[in-house]
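Q: Just entry04.pdb, nothing more (PDB, C-alpha atoms):
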ATOM      1  CA  MET A   1     -34.093 -88.432   7.083
ATOM      2  CA  ALA A   2     -30.520 -89.343   7.943
ATOM      3  CA  GLN A   3     -29.344 -87.670   4.788
ATOM      4  CA  LEU A   4     -31.361 -84.527   5.636
ATOM      5  CA  LEU A   5     -29.868 -84.421   9.146
ATOM      6  CA  LYS A   6     -26.378 -84.920   7.729
ATOM      7  CA  ARG A   7     -26.974 -82.145   5.240
ATOM      8  CA  ALA A   8     -28.293 -79.836   8.003
ATOM      9  CA  LYS A   9     -25.181 -80.487  10.095
ATOM     10  CA  ILE A  10     -22.972 -79.658   7.147
ATOM     11  CA  MET A  11     -24.954 -76.440   6.578
ATOM     12  CA  ASN A  12     -24.721 -75.530  10.290
ATOM     13  CA  CYS A  13     -20.984 -76.159  10.273
ATOM     14  CA  GLY A  14     -20.701 -73.968   7.234
ATOM     15  CA  GLY A  15     -22.637 -71.224   9.005
ATOM     16  CA  ILE A  16     -20.368 -71.516  12.034
ATOM     17  CA  GLN A  17     -17.310 -71.419   9.800
ATOM     18  CA  GLN A  18     -18.658 -68.296   8.124
ATOM     19  CA  ARG A  19     -19.261 -66.647  11.503
ATOM     20  CA  VAL A  20     -15.790 -67.603  12.731
ATOM     21  CA  SER A  21     -14.319 -66.300   9.499
ATOM     22  CA  PHE A  22     -16.285 -63.034   9.850
ATOM     23  CA  ILE A  23     -15.158 -62.574  13.454
ATOM     24  CA  ALA A  24     -11.547 -63.311  12.500
ATOM     25  CA  HIS A  25     -11.673 -60.791   9.664
ATOM     26  CA  LYS A  26     -13.301 -58.238  11.987
ATOM     27  CA  ARG A  27     -10.541 -58.682  14.562
ATOM     28  CA  LEU A  28      -7.874 -58.484  11.881
ATOM     29  CA  PHE A  29      -9.443 -55.271  10.541
ATOM     30  CA  LEU A  30      -9.514 -53.823  14.054
ATOM     31  CA  LEU A  31      -5.852 -54.728  14.639
ATOM     32  CA  LEU A  32      -4.859 -53.220  11.304
ATOM     33  CA  PHE A  33      -6.855 -50.071  12.103
ATOM     34  CA  LEU A  34      -5.203 -49.683  15.513
ATOM     35  CA  PHE A  35      -1.775 -50.355  14.015
ATOM     36  CA  SER A  36      -2.295 -47.780  11.257
ATOM     37  CA  PHE A  37      -3.637 -45.304  13.828
ATOM     38  CA  ARG A  38      -0.501 -45.688  15.930
ATOM     39  CA  ILE A  39       1.685 -45.213  12.865
ATOM     40  CA  ALA A  40      -0.260 -42.064  11.959
ATOM     41  CA  GLU A  41      -0.035 -40.841  15.563
ATOM     42  CA  ALA A  42       3.720 -41.475  15.626
ATOM     43  CA  SER A  43       4.186 -39.591  12.353
ATOM     44  CA  GLN A  44       2.365 -36.495  13.591
ATOM     45  CA  THR A  45       4.627 -33.486  14.019
ATOM     46  CA  LEU A  46       5.501 -32.637  17.594
ATOM     47  CA  GLU A  47       5.503 -28.853  18.041
ATOM     48  CA  ILE A  48       7.576 -27.264  20.796
ATOM     49  CA  GLY A  49       7.056 -23.578  21.524
ATOM     50  CA  VAL A  50      10.009 -21.287  22.193
ATOM     51  CA  TRP A  51       9.427 -17.786  23.505
ATOM     52  CA  PRO A  52      10.681 -15.146  21.030
ATOM     53  CA  TYR A  53      13.631 -13.695  22.938
ATOM     54  CA  MET A  54      15.720 -13.699  19.745
ATOM     55  CA  SER A  55      14.866 -13.421  16.073
ATOM     56  CA  THR A  56      12.981 -16.393  14.618
ATOM     57  CA  GLN A  57      15.911 -17.413  12.416
ATOM     58  CA  ALA A  58      18.331 -17.224  15.350
ATOM     59  CA  LEU A  59      16.040 -19.406  17.476
ATOM     60  CA  LEU A  60      15.569 -22.016  14.737
ATOM     61  CA  THR A  61      19.323 -22.184  14.180
ATOM     62  CA  LEU A  62      20.051 -22.429  17.898
ATOM     63  CA  TYR A  63      17.567 -25.234  18.578
ATOM     64  CA  HIS A  64      18.195 -27.194  15.365
ATOM     65  CA  PRO A  65      20.558 -29.727  17.021
ATOM     66  CA  MET A  66      17.947 -30.504  19.702
ATOM     67  CA  LYS A  67      15.262 -30.830  17.024
ATOM     68  CA  THR A  68      17.395 -33.324  15.078
ATOM     69  CA  TYR A  69      18.135 -35.370  18.190
ATOM     70  CA  LEU A  70      14.496 -35.533  19.299
ATOM     71  CA  GLU A  71      13.347 -36.531  15.815
ATOM     72  CA  HIS A  72      15.849 -39.395  15.808
ATOM     73  CA  ARG A  73      14.885 -40.634  19.265
ATOM     74  CA  LEU A  74      11.120 -40.177  18.897
ATOM     75  CA  ASN A  75      10.983 -41.334  15.268
ATOM     76  CA  ARG A  76       8.603 -38.513  14.384
ATOM     77  CA  PRO A  77       8.912 -34.968  12.974
ATOM     78  CA  VAL A  78       9.688 -32.254  15.530
ATOM     79  CA  LEU A  79       9.086 -28.569  14.872
ATOM     80  CA  PHE A  80      10.202 -25.686  17.070
ATOM     81  CA  VAL A  81       7.729 -22.812  16.747
ATOM     82  CA  THR A  82       7.469 -19.315  18.183
ATOM     83  CA  ALA A  83       5.197 -16.268  17.979
ATOM     84  CA  PRO A  84       5.546 -12.808  16.398
ATOM     85  CA  ASN A  85       6.026 -11.260  19.837
ATOM     86  CA  GLN A  86       6.122 -12.197  23.510
ATOM     87  CA  ARG A  87       2.572 -11.096  24.265
ATOM     88  CA  GLN A  88       1.190 -13.417  21.585
ATOM     89  CA  PHE A  89       3.402 -16.225  22.863
ATOM     90  CA  VAL A  90       1.879 -15.826  26.333
ATOM     91  CA  GLU A  91      -1.627 -15.839  24.852
ATOM     92  CA  ARG A  92      -0.957 -18.970  22.790
ATOM     93  CA  THR A  93       0.473 -20.725  25.827
ATOM     94  CA  GLU A  94      -2.569 -19.732  27.881
ATOM     95  CA  ARG A  95      -4.800 -21.224  25.181
ATOM     96  CA  GLY A  96      -2.897 -24.489  25.506
ATOM     97  CA  GLU A  97      -1.556 -24.418  21.941
ATOM     98  CA  TYR A  98       1.849 -25.837  22.862
ATOM     99  CA  ARG A  99       2.380 -29.473  23.845
ATOM    100  CA  PHE A 100       5.747 -28.471  25.287
ATOM    101  CA  ALA A 101       7.233 -25.005  25.622
ATOM    102  CA  ILE A 102      10.578 -23.444  26.473
ATOM    103  CA  THR A 103       9.513 -20.175  27.985
ATOM    104  CA  ALA A 104      10.362 -17.231  30.205
ATOM    105  CA  PRO A 105      10.088 -17.994  33.937
ATOM    106  CA  HIS A 106       7.131 -15.727  34.738
ATOM    107  CA  PHE A 107       5.345 -16.925  31.566
ATOM    108  CA  ALA A 108       5.838 -20.488  32.843
ATOM    109  CA  ARG A 109       4.489 -19.672  36.302
ATOM    110  CA  LEU A 110       1.448 -17.943  34.795
ATOM    111  CA  ALA A 111       0.774 -20.991  32.599
ATOM    112  CA  GLN A 112       1.207 -23.269  35.617
ATOM    113  CA  LYS A 113      -1.219 -21.309  37.808
ATOM    114  CA  ASP A 114      -3.853 -20.492  35.169
ATOM    115  CA  VAL A 115      -3.807 -23.501  32.845
ATOM    116  CA  GLY A 116      -2.024 -26.242  34.783
ATOM    117  CA  TYR A 117       1.144 -26.536  32.698
ATOM    118  CA  VAL A 118       3.708 -28.799  34.362
ATOM    119  CA  PRO A 119       7.255 -27.455  35.056
ATOM    120  CA  MET A 120       9.785 -29.977  33.709
ATOM    121  CA  LEU A 121      13.283 -28.506  33.630
ATOM    122  CA  ARG A 122      15.146 -25.271  34.271
ATOM    123  CA  PRO A 123      18.763 -24.178  33.702
ATOM    124  CA  GLU A 124      21.102 -24.460  36.674
ATOM    125  CA  ARG A 125      22.497 -20.986  35.974
ATOM    126  CA  ASN A 126      20.288 -18.160  37.206
ATOM    127  CA  LEU A 127      19.323 -15.245  34.994
ATOM    128  CA  VAL A 128      21.009 -11.893  35.583
ATOM    129  CA  GLY A 129      20.075  -8.777  33.661
ATOM    130  CA  ILE A 130      22.944  -6.581  32.460
ATOM    131  CA  LEU A 131      22.714  -2.909  31.606
ATOM    132  CA  ILE A 132      25.108  -2.346  28.732
ATOM    133  CA  VAL A 133      26.404   0.785  27.052
ATOM    134  CA  LYS A 134      28.610   1.333  24.034
ATOM    135  CA  LYS A 135      32.260   0.698  24.778
ATOM    136  CA  THR A 136      33.128   4.304  23.888
ATOM    137  CA  SER A 137      30.258   5.801  25.942
ATOM    138  CA  THR A 138      30.993   8.462  28.547
ATOM    139  CA  ILE A 139      28.374   6.903  30.850
ATOM    140  CA  ARG A 140      30.194   5.426  33.869
ATOM    141  CA  THR A 141      27.519   5.056  36.571
ATOM    142  CA  VAL A 142      23.773   4.463  36.770
ATOM    143  CA  ASP A 143      23.308   8.127  37.746
ATOM    144  CA  ASP A 144      24.723   9.095  34.354
ATOM    145  CA  LEU A 145      21.572   7.595  32.791
ATOM    146  CA  LYS A 146      19.522  10.603  33.903
ATOM    147  CA  GLY A 147      18.030  12.288  30.877
ATOM    148  CA  LYS A 148      18.993   9.356  28.666
ATOM    149  CA  THR A 149      17.013   6.716  26.742
ATOM    150  CA  ILE A 150      17.252   3.035  27.709
ATOM    151  CA  THR A 151      16.088   0.187  25.463
ATOM    152  CA  LEU A 152      14.471  -2.786  27.162
ATOM    153  CA  PRO A 153      13.782  -6.140  25.462
ATOM    154  CA  GLY A 154       9.984  -5.976  25.544
ATOM    155  CA  ARG A 155       7.692  -4.529  28.185
ATOM    156  CA  ILE A 156       6.665  -7.888  29.670
ATOM    157  CA  THR A 157      10.060  -9.608  29.759
ATOM    158  CA  ILE A 158      11.550 -10.633  33.087
ATOM    159  CA  VAL A 159      14.773  -8.753  32.235
ATOM    160  CA  SER A 160      12.840  -5.523  31.687
ATOM    161  CA  MET A 161      11.058  -5.957  35.022
ATOM    162  CA  LEU A 162      14.309  -6.736  36.848
ATOM    163  CA  THR A 163      16.019  -3.734  35.255
ATOM    164  CA  LEU A 164      13.278  -1.269  36.144
ATOM    165  CA  TRP A 165      13.215  -2.574  39.720
ATOM    166  CA  ALA A 166      17.009  -2.236  39.956
ATOM    167  CA  LEU A 167      16.920   1.331  38.613
ATOM    168  CA  LYS A 168      14.104   2.234  40.995
ATOM    169  CA  THR A 169      16.158   0.863  43.893
ATOM    170  CA  SER A 170      18.979   3.155  42.751
ATOM    171  CA  GLY A 171      16.605   6.129  42.904
ATOM    172  CA  LEU A 172      15.820   6.453  39.205
ATOM    173  CA  GLU A 173      12.213   6.585  38.007
ATOM    174  CA  GLU A 174      11.033   5.813  34.483
ATOM    175  CA  GLY A 175       9.605   8.946  32.867
ATOM    176  CA  ARG A 176      11.079  11.257  35.472
ATOM    177  CA  ASP A 177      14.772  10.390  35.147
ATOM    178  CA  PHE A 178      15.011   8.431  31.910
ATOM    179  CA  LYS A 179      13.000   7.405  28.877
ATOM    180  CA  VAL A 180      12.353   3.821  27.808
ATOM    181  CA  ARG A 181      12.232   2.281  24.346
ATOM    182  CA  TYR A 182      11.007  -1.283  23.899
ATOM    183  CA  ALA A 183      12.555  -3.661  21.385
ATOM    184  CA  GLU A 184      11.126  -6.925  20.067
ATOM    185  CA  SER A 185      14.121  -8.953  21.263
ATOM    186  CA  HIS A 186      17.336  -8.816  23.273
ATOM    187  CA  ASN A 187      19.322  -8.676  20.028
ATOM    188  CA  ASN A 188      17.418  -5.610  18.885
ATOM    189  CA  ALA A 189      17.948  -3.936  22.246
ATOM    190  CA  VAL A 190      21.727  -4.315  21.844
ATOM    191  CA  LEU A 191      21.506  -3.057  18.250
ATOM    192  CA  ASP A 192      19.751   0.088  19.513
ATOM    193  CA  VAL A 193      22.852   0.891  21.549
ATOM    194  CA  LEU A 194      25.256   0.069  18.720
ATOM    195  CA  ARG A 195      23.276   2.311  16.332
ATOM    196  CA  GLY A 196      23.128   5.123  18.858
ATOM    197  CA  ASP A 197      19.324   5.048  19.164
ATOM    198  CA  SER A 198      19.655   4.520  22.926
ATOM    199  CA  SER A 199      22.330   5.297  25.485
ATOM    200  CA  ALA A 200      21.915   1.937  27.253
ATOM    201  CA  ALA A 201      20.088  -1.352  26.954
ATOM    202  CA  ALA A 202      19.186  -4.255  29.198
ATOM    203  CA  VAL A 203      19.859  -7.829  28.153
ATOM    204  CA  ALA A 204      20.069 -11.206  29.876
ATOM    205  CA  ALA A 205      23.659 -12.247  30.590
ATOM    206  CA  THR A 206      23.098 -15.675  29.010
ATOM    207  CA  ILE A 207      21.704 -14.117  25.832
ATOM    208  CA  LEU A 208      24.576 -11.657  25.642
ATOM    209  CA  ASP A 209      26.867 -14.690  25.716
ATOM    210  CA  GLN A 210      25.096 -16.053  22.623
ATOM    211  CA  MET A 211      25.561 -12.912  20.534
ATOM    212  CA  PRO A 212      28.218 -12.528  17.824
ATOM    213  CA  GLU A 213      31.674 -11.635  19.104
ATOM    214  CA  ASP A 214      31.810  -8.423  17.046
ATOM    215  CA  GLN A 215      28.658  -7.147  18.811
ATOM    216  CA  LYS A 216      29.792  -8.174  22.294
ATOM    217  CA  GLY A 217      33.120  -6.483  21.700
ATOM    218  CA  GLU A 218      31.431  -3.139  21.060
ATOM    219  CA  VAL A 219      29.618  -2.924  24.419
ATOM    220  CA  ARG A 220      30.489  -3.020  28.116
ATOM    221  CA  ALA A 221      28.539  -3.715  31.296
ATOM    222  CA  LEU A 222      27.330  -0.772  33.363
ATOM    223  CA  ALA A 223      25.304  -2.558  36.058
ATOM    224  CA  ILE A 224      23.641  -5.877  36.842
ATOM    225  CA  THR A 225      20.255  -6.806  38.295
ATOM    226  CA  GLY A 226      19.236  -9.413  40.841
ATOM    227  CA  GLU A 227      19.015 -13.134  39.967
ATOM    228  CA  ILE A 228      16.023 -15.249  38.980
ATOM    229  CA  THR A 229      15.249 -18.565  37.287
ATOM    230  CA  PRO A 230      16.073 -17.860  33.606
ATOM    231  CA  LEU A 231      13.487 -20.038  31.869
ATOM    232  CA  VAL A 232      11.380 -23.133  32.389
ATOM    233  CA  ILE A 233      10.539 -25.998  30.065
ATOM    234  CA  ILE A 234       6.875 -26.850  30.602
ATOM    235  CA  ALA A 235       4.382 -29.476  29.444
ATOM    236  CA  ASN A 236       0.726 -29.037  28.554
ATOM    237  CA  PRO A 237      -1.491 -30.551  31.294
ATOM    238  CA  LYS A 238      -3.106 -32.806  28.664
ATOM    239  CA  VAL A 239       0.197 -34.568  27.958
ATOM    240  CA  PRO A 240       0.365 -37.980  29.714
ATOM    241  CA  LYS A 241       2.829 -38.172  32.614
ATOM    242  CA  ALA A 242       4.777 -40.941  30.876
ATOM    243  CA  GLU A 243       5.342 -38.691  27.842
ATOM    244  CA  VAL A 244       6.403 -35.772  30.047
ATOM    245  CA  SER A 245       8.900 -38.043  31.796
ATOM    246  CA  GLU A 246      10.196 -39.360  28.469
ATOM    247  CA  MET A 247      10.646 -35.856  27.039
ATOM    248  CA  SER A 248      12.516 -34.684  30.160
ATOM    249  CA  LYS A 249      14.823 -37.688  29.910
ATOM    250  CA  LEU A 250      15.481 -37.137  26.196
ATOM    251  CA  ILE A 251      16.341 -33.450  26.682
ATOM    252  CA  LEU A 252      18.670 -34.340  29.555
ATOM    253  CA  ASP A 253      20.284 -37.096  27.487
ATOM    254  CA  PHE A 254      20.819 -34.637  24.634
ATOM    255  CA  THR A 255      22.426 -31.996  26.846
ATOM    256  CA  ARG A 256      24.524 -34.403  28.940
ATOM    257  CA  HIS A 257      25.575 -37.209  26.637
ATOM    258  CA  THR A 258      25.962 -35.885  23.070
ATOM    259  CA  HIS A 259      28.585 -33.703  21.379
ATOM    260  CA  ASP A 260      25.862 -31.575  19.759
ATOM    261  CA  GLY A 261      24.226 -31.194  23.158
ATOM    262  CA  ALA A 262      27.497 -30.054  24.721
ATOM    263  CA  ARG A 263      27.939 -27.425  22.004
ATOM    264  CA  PHE A 264      24.321 -26.350  22.448
ATOM    265  CA  MET A 265      24.766 -25.952  26.212
ATOM    266  CA  LYS A 266      27.877 -23.866  25.664
ATOM    267  CA  LYS A 267      25.954 -21.534  23.352
ATOM    268  CA  VAL A 268      22.961 -21.070  25.661
ATOM    269  CA  ALA A 269      25.222 -20.909  28.760
ATOM    270  CA  TRP A 270      22.743 -22.784  30.952
ATOM    271  CA  GLU A 271      25.548 -24.784  32.636
ATOM    272  CA  GLY A 272      23.130 -27.675  33.162
ATOM    273  CA  LEU A 273      19.472 -28.575  33.597
ATOM    274  CA  GLU A 274      17.573 -29.549  36.712
ATOM    275  CA  THR A 275      14.010 -29.983  37.941
ATOM    276  CA  PRO A 276      12.524 -26.670  39.160
ATOM    277  CA  THR A 277      11.505 -26.673  42.798
ATOM    278  CA  GLU A 278       8.329 -25.331  44.341
ATOM    279  CA  LYS A 279      10.448 -22.510  45.774
ATOM    280  CA  ASP A 280      11.754 -21.632  42.277
ATOM    281  CA  MET A 281       8.225 -21.313  40.944
ATOM    282  CA  LYS A 282       6.747 -19.408  43.907
ATOM    283  CA  ALA A 283       9.575 -16.861  43.717
ATOM    284  CA  LEU A 284       8.107 -15.798  40.359
ATOM    285  CA  ASP A 285       4.699 -14.801  41.753
ATOM    286  CA  PRO A 286       5.483 -11.043  42.107
ATOM    287  CA  PHE A 287       6.474 -10.949  38.428
ATOM    288  CA  VAL A 288       3.352 -12.893  37.460
ATOM    289  CA  ASN A 289       1.153 -10.338  39.205
ATOM    290  CA  GLU A 290       2.836  -7.520  37.295
ATOM    291  CA  LEU A 291       2.598  -9.516  34.066
ATOM    292  CA  LYS A 292      -1.133 -10.058  34.547
ATOM    293  CA  ASP A 293      -1.650  -6.364  35.165
ATOM    294  CA  MET A 294       0.183  -5.504  31.941
ATOM    295  CA  LEU A 295      -1.755  -8.066  29.911
ATOM    296  CA  ASN A 296      -5.112  -6.952  31.325
ATOM    297  CA  THR A 297      -4.471  -3.249  30.788
ATOM    298  CA  GLY A 298      -2.794  -3.703  27.410
ATOM    299  CA  ARG A 299       0.385  -1.966  28.540
TER
END
Just dump the structure as structure tokens.
A:
Amino acid sequence: MAQLLKRAKIMNCGGIQQRVSFIAHKRLFLLLFLFSFRIAEASQTLEIGVWPYMSTQALLTLYHPMKTYLEHRLNRPVLFVTAPNQRQFVERTERGEYRFAITAPHFARLAQKDVGYVPMLRPERNLVGILIVKKTSTIRTVDDLKGKTITLPGRITIVSMLTLWALKTSGLEEGRDFKVRYAESHNNAVLDVLRGDSSAAAVAATILDQMPEDQKGEVRALAITGEITPLVIIANPKVPKAEVSEMSKLILDFTRHTHDGARFMKKVAWEGLETPTEKDMKALDPFVNELKDMLNTGR
């Protein structure tokens, strides 16, 4: 009997050891799974949307230094992406396709109001639209645009809206006093003037600063529009607050504390970055209403 009891105890101990071993292996498997999941999550490409105000190649070249910096700091691939045109970029933003986006101010406000995107940063320098003509043009005043064709950088861009409002304030009506052509980008609007396809074009002052010197040297300013927030960097509402805060800090570190960031800031002519205020965002509401009308009617 004693031997049977002793044998039973040994068997029970063995069973307990097997259970402990099973539990230990289960926990180890779980830890390995979580660890591998985090590695996979960290290796996933982070996509950042950029509204197509320039050609795709020009945008990729411009933002490459920021991409490289973010990849180094985040230890994961970063990809800047855009859309074929501004309307599609708005639609993709509205669908929540971008984790982060660098976008036009009224696009950002629309995404904030409709989807809940979070405003992160904005340039310190305000946007000003400039009406430009060829350097050799005989056009000297806004009144000289009567009967002429003006190229605007897309129907739904903030610069186009500002320009049309400025011309209307000066007593000129689209259709009655001048014709409008729409280009796919600010660059193309300037090229229209250089080729002679239009007598004038509107472009953001900051974007004009980024253009090749040979192009800038062939045009001159005719008039300027009012000022507005130039763009806003926004975060998808699904992104955790800690990640939004980290991304804001990394972008600020890049622009303020690196040589590549300093060169980048000189090219984009933002002067600096700051947190957009409630007042900044609310000031965009009139443009958002017009934007919505254009998107709904397909204009």
Q: Considering all atoms listed in the file, can you say which of A:Leu162, A:Lys267, A:Ser248, A:Glu124 comes closest to Pro212 (chain A)?
A: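 Result for the nearest residue to Pro212 (chain A): A:Lys267.
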Q: Using all atoms listed in the file, find the one residue out of A:Glu184, A:Glu290, A:Glu243, A:Glu213 that sits nearest to Phe107 (chain A).
A: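 Smallest separation from Phe107 (chain A) among the options: A:Glu290.
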Q: Please indicate the distance in Å from CA of Gly226 (chain A) to CA of Val128 (chain A), rounded to one decimal place.
A: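 That distance, rounded to one decimal, is 6.1 Å.
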Q: As an MDAnalysis selection string, please: the residues near Ala111 (chain A) (cut-off 12 Å, all atoms listed in the file, same-chain neighbours under 2 positions excluded).
A: chainID A and resid 89:98 100:109 113:119 232:237 281 284:285 288 291:292
Q: How far is it from CA of Ile251 (chain A) to CA of Val50 (chain A), in Å with one decimal?
A: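 CA of Val50 (chain A) lies at a distance of 14.4 Å from CA of Ile251 (chain A).
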Q: With distances taken over all atoms listed in the file, which residue among A:Thr229, A:Met66, A:Gly154, A:Ile139 lies nearest Glu278 (chain A)?
A: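 For Glu278 (chain A), the nearest of the candidates is A:Thr229.
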Q: So what do you get for CA of Lys134 (chain A) versus CA of Asp197 (chain A), distance-wise?
A: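 So the answer is 11.1 Å.
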Q: Could you list, as a list in words, every residue matched by the PyMOL selection byres ((chain A and resi 203-208) around 8) in this structure?
A: Leu127, Val128, Gly129, Ile130, Leu131, Ile132, Leu152, Pro153, Val159, His186, Ala189, Val190, Ala201, Ala202, Asp209, Gln210, Met211, Lys216, Val268, Ala269 and Trp270 of chain A
Q: Which residues come within 7 Å of Asn126 (chain A), counting only C-alpha atoms, excluding same-chain residues fewer than 3 positions away, as number ranges by chain?
A: A: 227-230
Q: With all atoms listed in the file as the counted atoms, please give the residues lying no more than 12 Å from His259 (chain A), apart from itself and same-chain residues fewer than 5 positions off, as a list in words.
A: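 The residues satisfying every condition are Pro65, Met66, Tyr69, Asp253, Phe254, Phe264, Met265 and Lys266 of chain A.
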Q: List the neighbours of Met54 (chain A) out to 8 Å using only C-alpha atoms; skip same-chain residues closer than 5 positions along the sequence, and give me the result as a list in words.
A: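 With the cut-off at 8 Å, the set is Leu59, Ser185, His186 and Asn187 of chain A.
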Q: Run the PyMOL selection byres ((chain A and resi 75-85) around 7) against the file shown and list the residues it catches, as an MDAnalysis selection string.
A: chainID A and resid 42:52 60 67 70:74 86:89 184
Q: For Arg125 (chain A), which residue among A:Asp143, A:Glu274, A:Asp260, A:Glu174 is the nearest when counting all atoms listed in the file?
A: A:Glu274
Q: Which of these residues is nearest to Phe287 (chain A), using all atoms listed in the file: A:Ile156, A:Leu194, A:Ala221, A:Val244?
A: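 The closest residue to Phe287 (chain A) is A:Ile156.
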Q: From the list A:Ala183, A:Ser160, A:Ala166, A:Thr68, which residue is nearest Ser55 (chain A) when using only C-alpha atoms?
A: A:Ala183
Q: Run the PyMOL selection byres ((chain A and resi 145) around 12) mentally over the shown coordinates, then write out the matched residues as a VMD selection string, using the chain letters and numbers from the document.
A: chain A and resid 131 to 133 137 to 144 146 to 151 167 170 to 174 176 to 180 198 to 201 222 to 223
